[in-house]
Each structure stands twice: as C-alpha cells, then as structure tokens.
file work.txt (compact mmCIF, C-alpha atoms and all ligand atoms)
# COMPACT_ATOMS: atom_id res chain seq x y z
CA MET W 782 0.81 -18.05 -5.07
CA ASP W 783 1.70 -17.52 -1.46
CA ILE W 784 4.26 -15.58 0.49
CA SER W 785 5.15 -16.61 4.00
CA ILE W 786 7.08 -14.10 6.09
CA GLN W 787 8.57 -15.66 9.21
CA GLU W 788 10.08 -13.89 12.22
CA LEU W 789 11.49 -11.23 9.99
CA THR W 790 13.68 -8.58 11.57
CA LYS W 791 15.71 -5.84 9.91
CA ILE W 792 18.28 -3.78 11.73
CA TYR W 793 20.05 -1.18 9.59
CA PRO W 794 23.83 -0.79 9.94
CA ASN W 795 23.31 2.34 12.06
CA GLY W 796 21.46 0.21 14.60
CA HIS W 797 17.93 1.29 13.65
CA LYS W 798 15.44 -1.53 14.03
CA ALA W 799 13.13 -1.03 11.07
CA LEU W 800 11.25 -4.37 11.25
CA LYS W 801 10.61 -6.31 14.40
CA ASP W 802 9.67 -9.98 14.28
CA ILE W 803 7.16 -9.82 11.44
CA ASN W 804 5.03 -12.91 10.79
CA LEU W 805 2.65 -12.71 7.87
CA GLU W 806 1.00 -15.02 5.35
CA ILE W 807 -0.05 -13.45 2.06
CA GLY W 808 -2.21 -15.31 -0.44
CA ASN W 809 -3.62 -14.50 -3.87
CA GLY W 810 -5.32 -11.18 -4.42
CA MET W 811 -4.67 -7.69 -3.20
CA PHE W 812 -2.89 -7.18 0.09
CA GLY W 813 -2.73 -3.66 1.54
CA LEU W 814 0.12 -2.66 3.83
CA LEU W 815 -0.78 0.48 5.70
CA GLY W 816 1.56 2.47 7.88
CA ALA W 817 2.65 6.00 8.71
CA ASN W 818 5.90 7.49 7.42
CA GLY W 819 8.85 5.51 8.72
CA ALA W 820 6.76 2.50 9.80
CA GLY W 821 8.92 0.11 7.75
CA LYS W 822 6.82 -0.46 4.63
CA SER W 823 9.58 0.16 2.08
CA THR W 824 12.02 -1.89 4.14
CA LEU W 825 9.67 -4.87 4.00
CA MET W 826 9.10 -4.42 0.28
CA ARG W 827 12.80 -4.19 -0.50
CA ILE W 828 13.27 -7.47 1.35
CA LEU W 829 10.40 -9.08 -0.60
CA VAL W 830 12.08 -8.19 -3.90
CA SER W 831 15.50 -9.33 -2.61
CA LEU W 832 17.11 -5.93 -2.87
CA MET W 833 18.02 -6.28 0.76
CA HIS W 834 18.54 -9.14 3.18
CA PRO W 835 16.74 -9.36 6.49
CA THR W 836 18.87 -9.39 9.63
CA SER W 837 17.05 -12.52 10.73
CA GLY W 838 13.99 -14.51 9.78
CA LYS W 839 12.99 -15.61 6.32
CA VAL W 840 10.61 -15.25 3.42
CA LEU W 841 9.18 -18.26 1.58
CA VAL W 842 7.54 -17.85 -1.82
CA ASN W 843 5.46 -20.88 -2.75
CA GLY W 844 7.49 -22.70 -0.13
CA MET W 845 10.84 -21.68 -1.63
CA ASP W 846 13.30 -19.77 0.53
CA LEU W 847 13.81 -16.38 -1.09
CA LYS W 848 17.46 -16.38 -0.10
CA LYS W 849 18.13 -19.52 -2.15
CA HIS W 850 15.79 -18.81 -5.04
CA ARG W 851 16.33 -15.10 -5.47
CA ARG W 852 16.67 -15.05 -9.24
CA LYS W 853 13.78 -17.33 -9.92
CA VAL W 854 11.39 -15.38 -7.72
CA ARG W 855 12.67 -12.07 -9.13
CA SER W 856 11.91 -13.32 -12.64
CA TYR W 857 8.20 -13.37 -11.90
CA THR W 858 8.07 -10.34 -9.65
CA GLY W 859 7.13 -6.83 -10.78
CA TYR W 860 8.25 -4.00 -8.53
CA LEU W 861 7.54 -0.30 -8.34
CA PRO W 862 10.00 1.30 -5.93
CA GLN W 863 8.87 4.34 -3.95
CA ASP W 864 11.62 6.41 -5.57
CA PHE W 865 11.16 5.06 -9.11
CA SER W 866 12.87 6.81 -11.99
CA ALA W 867 13.17 5.66 -15.60
CA PHE W 868 16.24 6.08 -17.78
CA PRO W 869 15.90 9.68 -18.97
CA LYS W 870 17.29 9.00 -22.46
CA LEU W 871 14.72 6.34 -23.34
CA ARG W 872 11.31 7.01 -24.83
CA ALA W 873 8.35 5.78 -22.79
CA TRP W 874 7.81 2.76 -25.05
CA GLU W 875 11.53 2.00 -25.20
CA PHE W 876 11.71 1.87 -21.46
CA LEU W 877 8.78 -0.55 -21.36
CA ASP W 878 10.45 -2.62 -24.06
CA TYR W 879 13.51 -2.85 -21.88
CA SER W 880 11.38 -3.78 -18.84
CA ALA W 881 9.47 -6.41 -20.81
CA ARG W 882 12.73 -7.97 -21.96
CA LEU W 883 13.92 -8.10 -18.36
CA ALA W 884 10.62 -9.73 -17.46
CA GLY W 885 11.40 -12.44 -20.00
CA VAL W 886 9.09 -11.50 -22.89
CA LYS W 887 11.38 -12.66 -25.68
CA ASP W 888 9.12 -12.46 -28.71
CA LYS W 889 9.37 -9.00 -30.28
CA ARG W 890 5.79 -8.92 -31.57
CA LYS W 891 4.36 -10.08 -28.31
CA ARG W 892 6.40 -7.41 -26.56
CA ARG W 893 5.10 -4.72 -28.86
CA ASP W 894 1.50 -5.77 -28.27
CA GLU W 895 1.97 -5.89 -24.52
CA ILE W 896 3.64 -2.50 -24.48
CA ASP W 897 0.83 -0.90 -26.48
CA GLU W 898 -1.75 -2.44 -24.22
CA MET W 899 0.07 -1.32 -21.10
CA LEU W 900 0.53 2.21 -22.45
CA GLU W 901 -3.22 2.34 -22.99
CA GLU W 902 -3.95 0.98 -19.53
CA VAL W 903 -1.91 3.64 -17.77
CA GLY W 904 -2.95 6.44 -20.12
CA LEU W 905 0.44 7.01 -21.69
CA TYR W 906 -0.28 5.88 -25.22
CA GLU W 907 -0.27 9.45 -26.57
CA ALA W 908 3.01 10.08 -24.78
CA ARG W 909 4.73 6.89 -25.93
CA GLU W 910 7.37 8.69 -28.03
CA ARG W 911 8.31 11.12 -25.31
CA PHE W 912 11.58 10.79 -23.44
CA ALA W 913 11.19 9.72 -19.84
CA ASN W 914 12.75 12.91 -18.52
CA ASN W 915 10.18 15.01 -20.41
CA LEU W 916 7.23 13.36 -18.72
CA SER W 917 5.39 15.06 -15.87
CA GLY W 918 5.73 13.70 -12.34
CA GLY W 919 2.43 11.83 -12.49
CA MET W 920 3.24 10.45 -15.94
CA LYS W 921 6.60 9.16 -14.72
CA ARG W 922 4.75 7.44 -11.90
CA ARG W 923 2.42 5.83 -14.44
CA LEU W 924 5.41 4.66 -16.45
CA GLY W 925 6.70 3.14 -13.21
CA ILE W 926 3.42 1.34 -12.70
CA ALA W 927 3.50 0.09 -16.29
CA GLN W 928 7.04 -1.33 -15.94
CA ALA W 929 5.99 -3.14 -12.75
CA LEU W 930 2.97 -4.73 -14.43
CA ILE W 931 4.42 -5.67 -17.80
CA GLY W 932 5.31 -9.28 -18.60
CA ASP W 933 2.53 -10.85 -16.49
CA PRO W 934 4.29 -10.93 -13.12
CA LYS W 935 2.92 -13.38 -10.54
CA ILE W 936 3.96 -11.17 -7.66
CA ILE W 937 3.41 -7.43 -7.90
CA ILE W 938 5.00 -5.24 -5.27
CA VAL W 939 4.06 -1.58 -5.49
CA ASP W 940 5.42 0.87 -2.93
CA GLU W 941 3.13 3.89 -2.53
CA PRO W 942 2.00 3.58 -6.16
CA THR W 943 -0.53 6.39 -6.05
CA THR W 944 1.86 9.13 -4.89
CA GLY W 945 1.61 12.00 -7.33
CA LEU W 946 -1.39 10.64 -9.26
CA ASP W 947 -4.39 12.89 -9.74
CA PRO W 948 -7.82 11.64 -8.57
CA ASP W 949 -8.84 10.29 -11.99
CA GLU W 950 -5.60 8.39 -12.34
CA ARG W 951 -5.93 7.03 -8.83
CA ILE W 952 -9.29 5.52 -9.73
CA ARG W 953 -7.98 4.22 -13.02
CA PHE W 954 -5.03 2.62 -11.29
CA ARG W 955 -7.26 1.04 -8.66
CA ASN W 956 -9.46 -0.46 -11.37
CA LEU W 957 -6.43 -1.77 -13.21
CA LEU W 958 -5.15 -3.49 -10.07
CA THR W 959 -8.61 -4.88 -9.36
CA LYS W 960 -8.68 -6.41 -12.82
CA ILE W 961 -5.25 -7.95 -12.36
CA SER W 962 -6.00 -9.19 -8.83
CA SER W 963 -8.61 -11.62 -10.11
CA ARG W 964 -5.82 -13.65 -11.73
CA ASP W 965 -3.50 -16.04 -9.95
CA VAL W 966 -1.31 -13.23 -8.60
CA ILE W 967 -0.33 -11.56 -5.36
CA ILE W 968 -0.40 -7.79 -5.26
CA VAL W 969 1.30 -6.15 -2.31
CA LEU W 970 0.48 -2.47 -2.12
CA SER W 971 1.94 -0.17 0.51
CA THR W 972 0.43 3.15 1.39
CA HIS W 973 0.05 5.71 4.17
CA ILE W 974 -3.33 6.72 2.73
CA VAL W 975 -6.26 4.77 4.15
CA GLY W 976 -8.32 5.48 1.02
CA ASP W 977 -5.85 3.51 -1.09
CA ILE W 978 -6.96 0.32 0.63
CA SER W 979 -9.77 -0.32 -1.82
CA SER W 980 -12.81 -2.52 -1.52
CA THR W 981 -11.04 -5.22 -3.53
CA CYS W 982 -8.48 -5.51 -0.78
CA HIS W 983 -9.66 -8.31 1.51
CA HIS W 984 -6.45 -8.62 3.44
CA MET W 985 -4.56 -5.80 5.06
CA ALA W 986 -1.93 -5.23 7.71
CA LEU W 987 -0.92 -2.27 9.80
CA LEU W 988 2.71 -1.54 10.49
CA ARG W 989 3.68 0.71 13.33
CA ASN W 990 7.29 1.45 14.23
CA GLY W 991 8.43 -1.75 12.57
CA ARG W 992 5.82 -3.92 14.26
CA LEU W 993 2.82 -5.59 12.72
CA VAL W 994 -0.08 -4.46 14.85
CA TYR W 995 -2.96 -5.71 12.71
CA ASP W 996 -3.34 -8.54 10.24
CA GLY W 997 -6.82 -9.24 8.98
CA SER W 998 -9.63 -7.93 6.84
CA PRO W 999 -10.67 -4.28 6.51
CA GLU W 1000 -14.18 -5.36 7.59
CA ASP W 1001 -12.96 -6.76 10.90
CA LEU W 1002 -11.02 -3.57 11.56
CA ILE W 1003 -14.15 -1.53 10.87
CA ASP W 1004 -16.18 -3.77 13.18
CA MET W 1005 -13.89 -2.90 16.06
CA ALA W 1006 -14.74 0.78 15.66
CA ARG W 1007 -18.50 0.20 15.74
CA GLY W 1008 -20.13 2.35 18.40
CA LYS W 1009 -16.99 4.49 18.66
CA VAL W 1010 -17.69 7.06 15.96
CA TRP W 1011 -19.83 10.10 16.67
CA LYS W 1012 -21.04 13.23 15.05
CA ILE W 1013 -20.87 16.00 17.61
CA SER W 1014 -22.79 19.22 17.08
CA ALA W 1015 -20.60 21.80 18.74
CA SER W 1016 -21.03 25.50 19.21
CA HIS W 1017 -18.23 27.85 18.16
CA GLU W 1018 -17.21 28.06 21.80
CA GLN W 1019 -17.02 24.28 22.15
CA PHE W 1020 -14.85 23.74 19.06
CA ASP W 1021 -11.46 24.08 20.76
CA GLU W 1022 -12.55 22.05 23.73
CA VAL W 1023 -13.76 19.16 21.55
CA SER W 1024 -10.56 19.26 19.51
CA VAL W 1025 -8.49 18.95 22.66
CA HIS W 1026 -10.50 16.12 24.18
CA PHE W 1027 -11.22 14.00 21.15
CA ASN W 1028 -9.76 12.75 17.93
CA VAL W 1029 -11.54 14.90 15.36
CA ILE W 1030 -11.61 13.26 11.92
CA SER W 1031 -13.43 16.02 10.09
CA SER W 1032 -15.11 19.33 10.83
CA ILE W 1033 -17.86 20.92 8.80
CA PRO W 1034 -19.30 24.35 9.64
CA SER W 1035 -23.01 24.28 10.40
CA VAL W 1036 -25.65 26.74 11.52
CA GLY W 1037 -24.40 28.20 14.78
CA GLY W 1038 -21.32 26.05 15.03
CA TRP W 1039 -19.69 22.87 13.79
CA GLU W 1040 -20.44 19.27 12.96
CA LEU W 1041 -17.46 17.27 14.12
CA GLU W 1042 -16.75 13.62 13.35
CA VAL W 1043 -15.10 12.20 16.38
CA VAL W 1044 -13.62 8.80 17.25
CA THR W 1045 -13.98 8.00 20.93
CA ASP W 1046 -15.42 5.39 23.28
CA SER W 1047 -17.82 7.91 24.72
CA PRO W 1048 -18.61 11.50 23.74
CA ASP W 1049 -19.98 12.23 27.21
CA GLY W 1050 -21.40 15.63 27.84
CA TYR W 1051 -21.77 16.56 24.17
CA ASN W 1052 -24.69 16.57 21.79
CA ALA W 1053 -23.61 13.52 19.79
CA ALA W 1054 -25.18 11.05 17.36
CA PRO W 1055 -23.60 7.65 16.56
CA MET W 1056 -22.18 7.10 13.06
CA ASP W 1057 -21.25 4.03 11.03
CA PRO W 1058 -17.48 3.72 10.98
CA ASN W 1059 -15.50 3.69 7.76
CA LEU W 1060 -11.95 2.40 7.35
CA GLU W 1061 -10.42 5.75 8.19
CA HIS W 1062 -12.31 5.96 11.48
CA ALA W 1063 -11.36 2.35 12.21
CA TYR W 1064 -7.68 3.06 11.51
CA VAL W 1065 -7.64 6.00 13.89
CA TYR W 1066 -9.52 4.09 16.56
CA TYR W 1067 -7.36 1.01 16.25
CA MET W 1068 -4.06 2.90 16.30
CA GLU W 1069 -5.06 4.47 19.58
CA HIS W 1070 -6.56 1.42 21.18
CA HIS W 1071 -4.82 -1.64 19.81
CA GLU W 1072 -2.81 -2.27 22.95
CA SER W 1073 -5.84 -2.40 25.19
CA LEU W 1074 -7.92 -4.22 22.56
CA LEU W 1075 -5.30 -6.95 22.54
CA GLU W 1076 -5.10 -7.07 26.31
CA HIS W 1077 -8.76 -7.87 26.36
CA GLY W 1078 -8.18 -10.94 24.28
CA ASN W 1079 -9.36 -9.73 20.92
CA LYS W 1080 -9.39 -12.74 18.68
CA ILE W 1081 -7.99 -11.03 15.64
CA LYS W 1082 -4.53 -12.21 14.64
CA THR W 1083 -2.35 -9.41 15.83
CA PHE W 1084 1.13 -9.05 17.15
CA VAL W 1085 2.28 -6.25 19.38
N1 LIG L 1 19.33 2.76 4.85
C1 LIG L 1 18.82 3.05 6.05
N2 LIG L 1 19.63 3.20 7.14
C2 LIG L 1 19.14 3.48 8.35
N3 LIG L 1 17.83 3.65 8.63
C3 LIG L 1 16.98 3.52 7.60
C4 LIG L 1 17.42 3.22 6.27
N4 LIG L 1 16.33 3.16 5.46
C5 LIG L 1 15.28 3.41 6.25
N5 LIG L 1 15.65 3.62 7.53
C6 LIG L 1 14.78 3.88 8.68
O1 LIG L 1 13.96 2.75 8.88
C7 LIG L 1 12.62 3.13 9.21
C8 LIG L 1 11.65 2.55 8.21
O2 LIG L 1 11.88 3.13 6.94
P1 LIG L 1 11.00 2.78 5.68
O3 LIG L 1 11.54 3.54 4.53
O4 LIG L 1 10.92 1.32 5.55
O5 LIG L 1 9.57 3.35 6.13
P2 LIG L 1 8.25 3.57 5.28
O6 LIG L 1 7.14 2.95 6.06
O7 LIG L 1 8.46 3.11 3.90
O8 LIG L 1 8.08 5.15 5.33
P3 LIG L 1 7.48 6.17 4.20
O9 LIG L 1 5.99 6.14 4.33
O10 LIG L 1 8.03 7.48 4.63
O11 LIG L 1 7.97 5.72 2.88
C9 LIG L 1 12.62 4.66 9.24
O12 LIG L 1 12.78 5.09 10.57
C10 LIG L 1 13.83 5.04 8.41
O13 LIG L 1 14.37 6.25 8.85
MG MG L 2 8.35 3.97 2.14
call {"tool": "encode", "arguments": {"input": "work.txt", "output": "structure tokens", "more": "lines below"}}
Ligand SMILES: Nc1ncnc2c1ncn2[C@@H]1O[C@H](COP(=O)(O)OP(=O)(O)OP(=O)(O)O)[C@@H](O)[C@H]1O
Ligand SMILES: [Mg+2]
result
Amino acid sequence: MDISIQELTKIYPNGHKALKDINLEIGNGMFGLLGANGAGKSTLMRILVSLMHPTSGKVLVNGMDLKKHRRKVRSYTGYLPQDFSAFPKLRAWEFLDYSARLAGVKDKRKRRDEIDEMLEEVGLYEARERFANNLSGGMKRRLGIAQALIGDPKIIIVDEPTTGLDPDERIRFRNLLTKISSRDVIIVLSTHIVGDISSTCHHMALLRNGRLVYDGSPEDLIDMARGKVWKISASHEQFDEVSVHFNVISSIPSVGGWELEVVTDSPDGYNAAPMDPNLEHAYVYYMEHHESLLEHGNKIKTFV
C-alpha cells in the first residue's frame, strides 16, 4: 500500500489556512503524525478518509486519485475520528456487527468470530452486552478503536487514538497496532503526545501551523538533538534563572537543589553533564531550531 499526498492545501470557508502545501509519501507500516493542538492533524486525516475535500492538491492511494475512487478506497479504510461516538442504543457487539457489515464482512459467522476476537483485543469482551452509552469514556474509545480495526482494513487512520486510555490500555493498544503493522497495511496515527510515537514507528512527520516541518525517521530526529541535551545541577537560587534561560524538560529535586533536564546548544556557565537525547528532547529541540537547521542545509527531507 502507498499513499501519496501532493501539494495539499486546505483553506476553511472562514479563510483559515489549516494545511499549507503538504507533500508526503506514506508506505506500509506505522506512520506517526505529531503536532500541537490546531496544527492540522485532524484536517489531514479527514481529507485522507474523504470526509472533506482539499482546497487544492491531491491524494493518490496506490496510484488512484482519491477524488475519483472515493468509495473504493473508503471500503478498505478503517477510521477512528477524534470525536468518535457510537450509537447509544446499540450494544457493544451490535455496534461492531454494524461496523463489520459496513467494512464488507458479509458472512454472519465470520463476522461473529471477528467481533469476538476484536472485543478480546481491546478488552471489551466482558462488556459486550452493554449499551454504548453505558460504557465509560475509555471503554467508548476502545470501542472506537475496535470499529476502526474490524474487517481487515488496508488503511487504518486513527486520530488521537490514545486520548482517554489509561496507561495499561495505552500499552495494549500500542502492541495491537504493532501486531497489525507487520501486515500489508498502512497505519496513520496522529497524536500531540511524543510518547505515542512508538518504537515500531519508523516514519514520522511533524506538523506545525499547517506546515510539514519534518518528514523522516524518529532516529534521525533524535540524532539532530545529540549534544544538545544536558542535565544541569542547579541550586535553589538558580532554579528560576535556568527556567528563564533554557527549555527545561523535567525537574527533579536533589540534595541542595535541582536536577534539570535542559535542551540547549550550550549550557554555558552552569554545572552541566551531557545526556543522550530521547524523542521528546529531539522534538523540543527541533521545534525551536528547525528553521536554522534547514538554513544550514540539513539533508533531511523537510519543508518549511
Ligand atoms: N471547520 C473549521 N472551520 C474553520 N477552521 C477550522 C475548522 N476545523 C478546524 N479549523 C482550524 O484549523 C486548524 C487545524 O485544526 P485541526 O483540527 O486539523 O488541528 P489538530 O492538529 O487536529 O488539533 P488538535 O490536536 O487540537 O486535535 C485549527 O486552527 C482549527 O481551529
Ligand atoms: Mg485533531
């Protein structure tokens, strides 16, 4: 499977430019779309599932123009909208039965087996007879995930899927996606939480104010932050000063003061030890520096 997004722009009727000239190639496996609130993630996802047309530009799925082949592509796409809600008067399993029928699973027995399996996968088997409106927030979210995954979709678009899940469920969901991502499928996952971009995600992009500012691997992003992450030992008196001057990622109280994780080119003047960057550090560093990184001819495919 492949999705090719070409010169995509979306301007809402009120004049707001939500996506600006996006070019992106997505292949099999898990693709993570990271961006702050309002960056344009949901807008892009709604276009990918043909709920909305772009203002200009196009999307090709396996070479087919989405505009011309909307129904066909939809038939093998599973989608979890950010604001998902199930029909309140259906039981959990009934809702999945409905979703499976929409996804083209015609055989009743096959549907029943798939539903049971999916209910197990998302931890809703015990709750299968409950009406959707009697489920807790996190359980509704899991039902949403289940309806997006049922019927073996080839393209899975999940918009902030982990919102409202507890830590155990988050891990379970990540493992489920990892399992699915080894098949011939594309998973597009949007999030504003860096930690949701899991180790199985080899391709990621950063959206900022409707622009794609990074397109590459998490490892390459981390590499750019090498030598830029520091642990500063600060006294109580220095705490405010450090917070003003630097981007503090975390602060842990220590004997006589604080241990502060800081992202900066140089921690000059402070008692600092270098640290290995993780994706969160890299994200913070890149968001602050991408313009100058690009000016200096960074070879990573990026568009500002
Ligand atoms: N129907 C609409 N009309 C006008 N502007 C809109 C509409 N929908 C979204 N926007 C604006 O477009 C921008 C992108 O919105 P979008 O929902 O795509 O962001 P997002 O990255 O999904 O954010 P979040 O993390 O909060 O879900 C925002 O500034 C938003 O206010
Ligand atoms: Mg959104």
call {"tool": "residues_near_ligand", "arguments": {"input": "work.txt", "ligand": "ligand LIG 1 (chain L)", "cutoff": "12 Å", "atoms": "all atoms listed in the file", "output": "NGL selection string"}}
result
:W and (790-801 or 814-828 or 832-833 or 862-864 or 939-942 or 944 or 970-974 or 987-993)
call {"tool": "write_last_selection", "arguments": {"input": "work.txt", "atoms": "C-alpha atoms", "output": "PDB file, in the frame of the given file"}}
result
ATOM      1  CA  THR W 790      13.680  -8.580  11.570  1.00  0.00           C
ATOM      2  CA  LYS W 791      15.710  -5.840   9.910  1.00  0.00           C
ATOM      3  CA  ILE W 792      18.280  -3.780  11.730  1.00  0.00           C
ATOM      4  CA  TYR W 793      20.050  -1.180   9.590  1.00  0.00           C
ATOM      5  CA  PRO W 794      23.830  -0.790   9.940  1.00  0.00           C
ATOM      6  CA  ASN W 795      23.310   2.340  12.060  1.00  0.00           C
ATOM      7  CA  GLY W 796      21.460   0.210  14.600  1.00  0.00           C
ATOM      8  CA  HIS W 797      17.930   1.290  13.650  1.00  0.00           C
ATOM      9  CA  LYS W 798      15.440  -1.530  14.030  1.00  0.00           C
ATOM     10  CA  ALA W 799      13.130  -1.030  11.070  1.00  0.00           C
ATOM     11  CA  LEU W 800      11.250  -4.370  11.250  1.00  0.00           C
ATOM     12  CA  LYS W 801      10.610  -6.310  14.400  1.00  0.00           C
ATOM     13  CA  LEU W 814       0.120  -2.660   3.830  1.00  0.00           C
ATOM     14  CA  LEU W 815      -0.780   0.480   5.700  1.00  0.00           C
ATOM     15  CA  GLY W 816       1.560   2.470   7.880  1.00  0.00           C
ATOM     16  CA  ALA W 817       2.650   6.000   8.710  1.00  0.00           C
ATOM     17  CA  ASN W 818       5.900   7.490   7.420  1.00  0.00           C
ATOM     18  CA  GLY W 819       8.850   5.510   8.720  1.00  0.00           C
ATOM     19  CA  ALA W 820       6.760   2.500   9.800  1.00  0.00           C
ATOM     20  CA  GLY W 821       8.920   0.110   7.750  1.00  0.00           C
ATOM     21  CA  LYS W 822       6.820  -0.460   4.630  1.00  0.00           C
ATOM     22  CA  SER W 823       9.580   0.160   2.080  1.00  0.00           C
ATOM     23  CA  THR W 824      12.020  -1.890   4.140  1.00  0.00           C
ATOM     24  CA  LEU W 825       9.670  -4.870   4.000  1.00  0.00           C
ATOM     25  CA  MET W 826       9.100  -4.420   0.280  1.00  0.00           C
ATOM     26  CA  ARG W 827      12.800  -4.190  -0.500  1.00  0.00           C
ATOM     27  CA  ILE W 828      13.270  -7.470   1.350  1.00  0.00           C
ATOM     28  CA  LEU W 832      17.110  -5.930  -2.870  1.00  0.00           C
ATOM     29  CA  MET W 833      18.020  -6.280   0.760  1.00  0.00           C
ATOM     30  CA  PRO W 862      10.000   1.300  -5.930  1.00  0.00           C
ATOM     31  CA  GLN W 863       8.870   4.340  -3.950  1.00  0.00           C
ATOM     32  CA  ASP W 864      11.620   6.410  -5.570  1.00  0.00           C
ATOM     33  CA  VAL W 939       4.060  -1.580  -5.490  1.00  0.00           C
ATOM     34  CA  ASP W 940       5.420   0.870  -2.930  1.00  0.00           C
ATOM     35  CA  GLU W 941       3.130   3.890  -2.530  1.00  0.00           C
ATOM     36  CA  PRO W 942       2.000   3.580  -6.160  1.00  0.00           C
ATOM     37  CA  THR W 944       1.860   9.130  -4.890  1.00  0.00           C
ATOM     38  CA  LEU W 970       0.480  -2.470  -2.120  1.00  0.00           C
ATOM     39  CA  SER W 971       1.940  -0.170   0.510  1.00  0.00           C
ATOM     40  CA  THR W 972       0.430   3.150   1.390  1.00  0.00           C
ATOM     41  CA  HIS W 973       0.050   5.710   4.170  1.00  0.00           C
ATOM     42  CA  ILE W 974      -3.330   6.720   2.730  1.00  0.00           C
ATOM     43  CA  LEU W 987      -0.920  -2.270   9.800  1.00  0.00           C
ATOM     44  CA  LEU W 988       2.710  -1.540  10.490  1.00  0.00           C
ATOM     45  CA  ARG W 989       3.680   0.710  13.330  1.00  0.00           C
ATOM     46  CA  ASN W 990       7.290   1.450  14.230  1.00  0.00           C
ATOM     47  CA  GLY W 991       8.430  -1.750  12.570  1.00  0.00           C
ATOM     48  CA  ARG W 992       5.820  -3.920  14.260  1.00  0.00           C
ATOM     49  CA  LEU W 993       2.820  -5.590  12.720  1.00  0.00           C
TER      50      LEU W 993
END
call {"tool": "atom_distance", "arguments": {"input": "work.txt", "atom1": "CA of Tyr1064 in chain W", "atom2": "CA of Ala1006 in chain W"}}
result
8.5 Å
call {"tool": "atom_distance", "arguments": {"input": "work.txt", "atom1": "CA of Leu841 in chain W", "atom2": "CA of Ser980 in chain W"}}
result
27.2 Å
call {"tool": "residues_around", "arguments": {"input": "work.txt", "residues": "range 914-929 of chain W", "least_positions_apart": "4", "cutoff": "7 Å", "atoms": "only C-alpha atoms", "output": "list in words"}}
result
Gly859, Tyr860, Leu861, Phe865, Pro869, Leu877, Ser880, Met899, Val903, Ile937, Gly945 and Leu946 of chain W
call {"tool": "write_last_selection", "arguments": {"input": "work.txt", "atoms": "C-alpha atoms", "output": "mmCIF file, keeping the file's coordinate frame"}}
result
data_model
loop_
_atom_site.group_PDB
_atom_site.id
_atom_site.type_symbol
_atom_site.label_atom_id
_atom_site.label_comp_id
_atom_site.auth_asym_id
_atom_site.auth_seq_id
_atom_site.Cartn_x
_atom_site.Cartn_y
_atom_site.Cartn_z
ATOM 1 C CA GLY W 859 7.130 -6.830 -10.780
ATOM 2 C CA TYR W 860 8.250 -4.000 -8.530
ATOM 3 C CA LEU W 861 7.540 -0.300 -8.340
ATOM 4 C CA PHE W 865 11.160 5.060 -9.110
ATOM 5 C CA PRO W 869 15.900 9.680 -18.970
ATOM 6 C CA LEU W 877 8.780 -0.550 -21.360
ATOM 7 C CA SER W 880 11.380 -3.780 -18.840
ATOM 8 C CA MET W 899 0.070 -1.320 -21.100
ATOM 9 C CA VAL W 903 -1.910 3.640 -17.770
ATOM 10 C CA ILE W 937 3.410 -7.430 -7.900
ATOM 11 C CA GLY W 945 1.610 12.000 -7.330
ATOM 12 C CA LEU W 946 -1.390 10.640 -9.260
#
call {"tool": "atom_distance", "arguments": {"input": "work.txt", "atom1": "CA of Gly904 in chain W", "atom2": "CA of Asn809 in chain W"}}
result
26.5 Å
call {"tool": "residues_around", "arguments": {"input": "work.txt", "residues": "His983 in chain W", "least_positions_apart": "4", "cutoff": "9 Å", "atoms": "all atoms listed in the file", "output": "PyMOL selection string"}}
result
chain W and resi 810-813+979+997-1000
call {"tool": "residues_around", "arguments": {"input": "work.txt", "residues": "range 1017-1022 of chain W", "least_positions_apart": "6", "cutoff": "12 Å", "atoms": "all atoms listed in the file", "output": "PDB file with C-alpha atoms, in the coordinates of the input"}}
result
ATOM      1  CA  ASN W1028      -9.760  12.750  17.930  1.00  0.00           C
ATOM      2  CA  VAL W1029     -11.540  14.900  15.360  1.00  0.00           C
ATOM      3  CA  SER W1031     -13.430  16.020  10.090  1.00  0.00           C
ATOM      4  CA  SER W1032     -15.110  19.330  10.830  1.00  0.00           C
ATOM      5  CA  ILE W1033     -17.860  20.920   8.800  1.00  0.00           C
ATOM      6  CA  PRO W1034     -19.300  24.350   9.640  1.00  0.00           C
ATOM      7  CA  SER W1035     -23.010  24.280  10.400  1.00  0.00           C
ATOM      8  CA  VAL W1036     -25.650  26.740  11.520  1.00  0.00           C
ATOM      9  CA  GLY W1037     -24.400  28.200  14.780  1.00  0.00           C
ATOM     10  CA  GLY W1038     -21.320  26.050  15.030  1.00  0.00           C
ATOM     11  CA  TRP W1039     -19.690  22.870  13.790  1.00  0.00           C
ATOM     12  CA  GLU W1040     -20.440  19.270  12.960  1.00  0.00           C
ATOM     13  CA  LEU W1041     -17.460  17.270  14.120  1.00  0.00           C
ATOM     14  CA  GLU W1042     -16.750  13.620  13.350  1.00  0.00           C
ATOM     15  CA  VAL W1043     -15.100  12.200  16.380  1.00  0.00           C
ATOM     16  CA  GLY W1050     -21.400  15.630  27.840  1.00  0.00           C
ATOM     17  CA  TYR W1051     -21.770  16.560  24.170  1.00  0.00           C
ATOM     18  CA  ASN W1052     -24.690  16.570  21.790  1.00  0.00           C
TER      19      ASN W1052
END
call {"tool": "residues_around", "arguments": {"input": "work.txt", "residues": "Trp874 in chain W", "least_positions_apart": "2", "cutoff": "12 Å", "atoms": "only C-alpha atoms", "output": "short mmCIF file (atom, residue, chain, number, x, y, z; two decimals) with C-alpha atoms, in the frame of the given file"}}
result
data_model
loop_
_atom_site.label_atom_id
_atom_site.label_comp_id
_atom_site.auth_asym_id
_atom_site.auth_seq_id
_atom_site.Cartn_x
_atom_site.Cartn_y
_atom_site.Cartn_z
CA ALA W 867 13.17 5.66 -15.60
CA PHE W 868 16.24 6.08 -17.78
CA LYS W 870 17.29 9.00 -22.46
CA LEU W 871 14.72 6.34 -23.34
CA ARG W 872 11.31 7.01 -24.83
CA PHE W 876 11.71 1.87 -21.46
CA LEU W 877 8.78 -0.55 -21.36
CA ASP W 878 10.45 -2.62 -24.06
CA TYR W 879 13.51 -2.85 -21.88
CA SER W 880 11.38 -3.78 -18.84
CA ALA W 881 9.47 -6.41 -20.81
CA ARG W 892 6.40 -7.41 -26.56
CA ARG W 893 5.10 -4.72 -28.86
CA ASP W 894 1.50 -5.77 -28.27
CA GLU W 895 1.97 -5.89 -24.52
CA ILE W 896 3.64 -2.50 -24.48
CA ASP W 897 0.83 -0.90 -26.48
CA GLU W 898 -1.75 -2.44 -24.22
CA MET W 899 0.07 -1.32 -21.10
CA LEU W 900 0.53 2.21 -22.45
CA GLU W 901 -3.22 2.34 -22.99
CA LEU W 905 0.44 7.01 -21.69
CA TYR W 906 -0.28 5.88 -25.22
CA GLU W 907 -0.27 9.45 -26.57
CA ALA W 908 3.01 10.08 -24.78
CA ARG W 909 4.73 6.89 -25.93
CA GLU W 910 7.37 8.69 -28.03
CA ARG W 911 8.31 11.12 -25.31
CA PHE W 912 11.58 10.79 -23.44
CA ALA W 913 11.19 9.72 -19.84
CA LEU W 924 5.41 4.66 -16.45
CA GLY W 925 6.70 3.14 -13.21
CA ALA W 927 3.50 0.09 -16.29
CA GLN W 928 7.04 -1.33 -15.94
CA ILE W 931 4.42 -5.67 -17.80
#
call {"tool": "residues_around", "arguments": {"input": "work.txt", "residues": "range 849-852 of chain W", "least_positions_apart": "3", "cutoff": "12 Å", "atoms": "all atoms listed in the file", "output": "ChimeraX atom specification"}}
result
/W:828-834,839-846,855-858,883-884
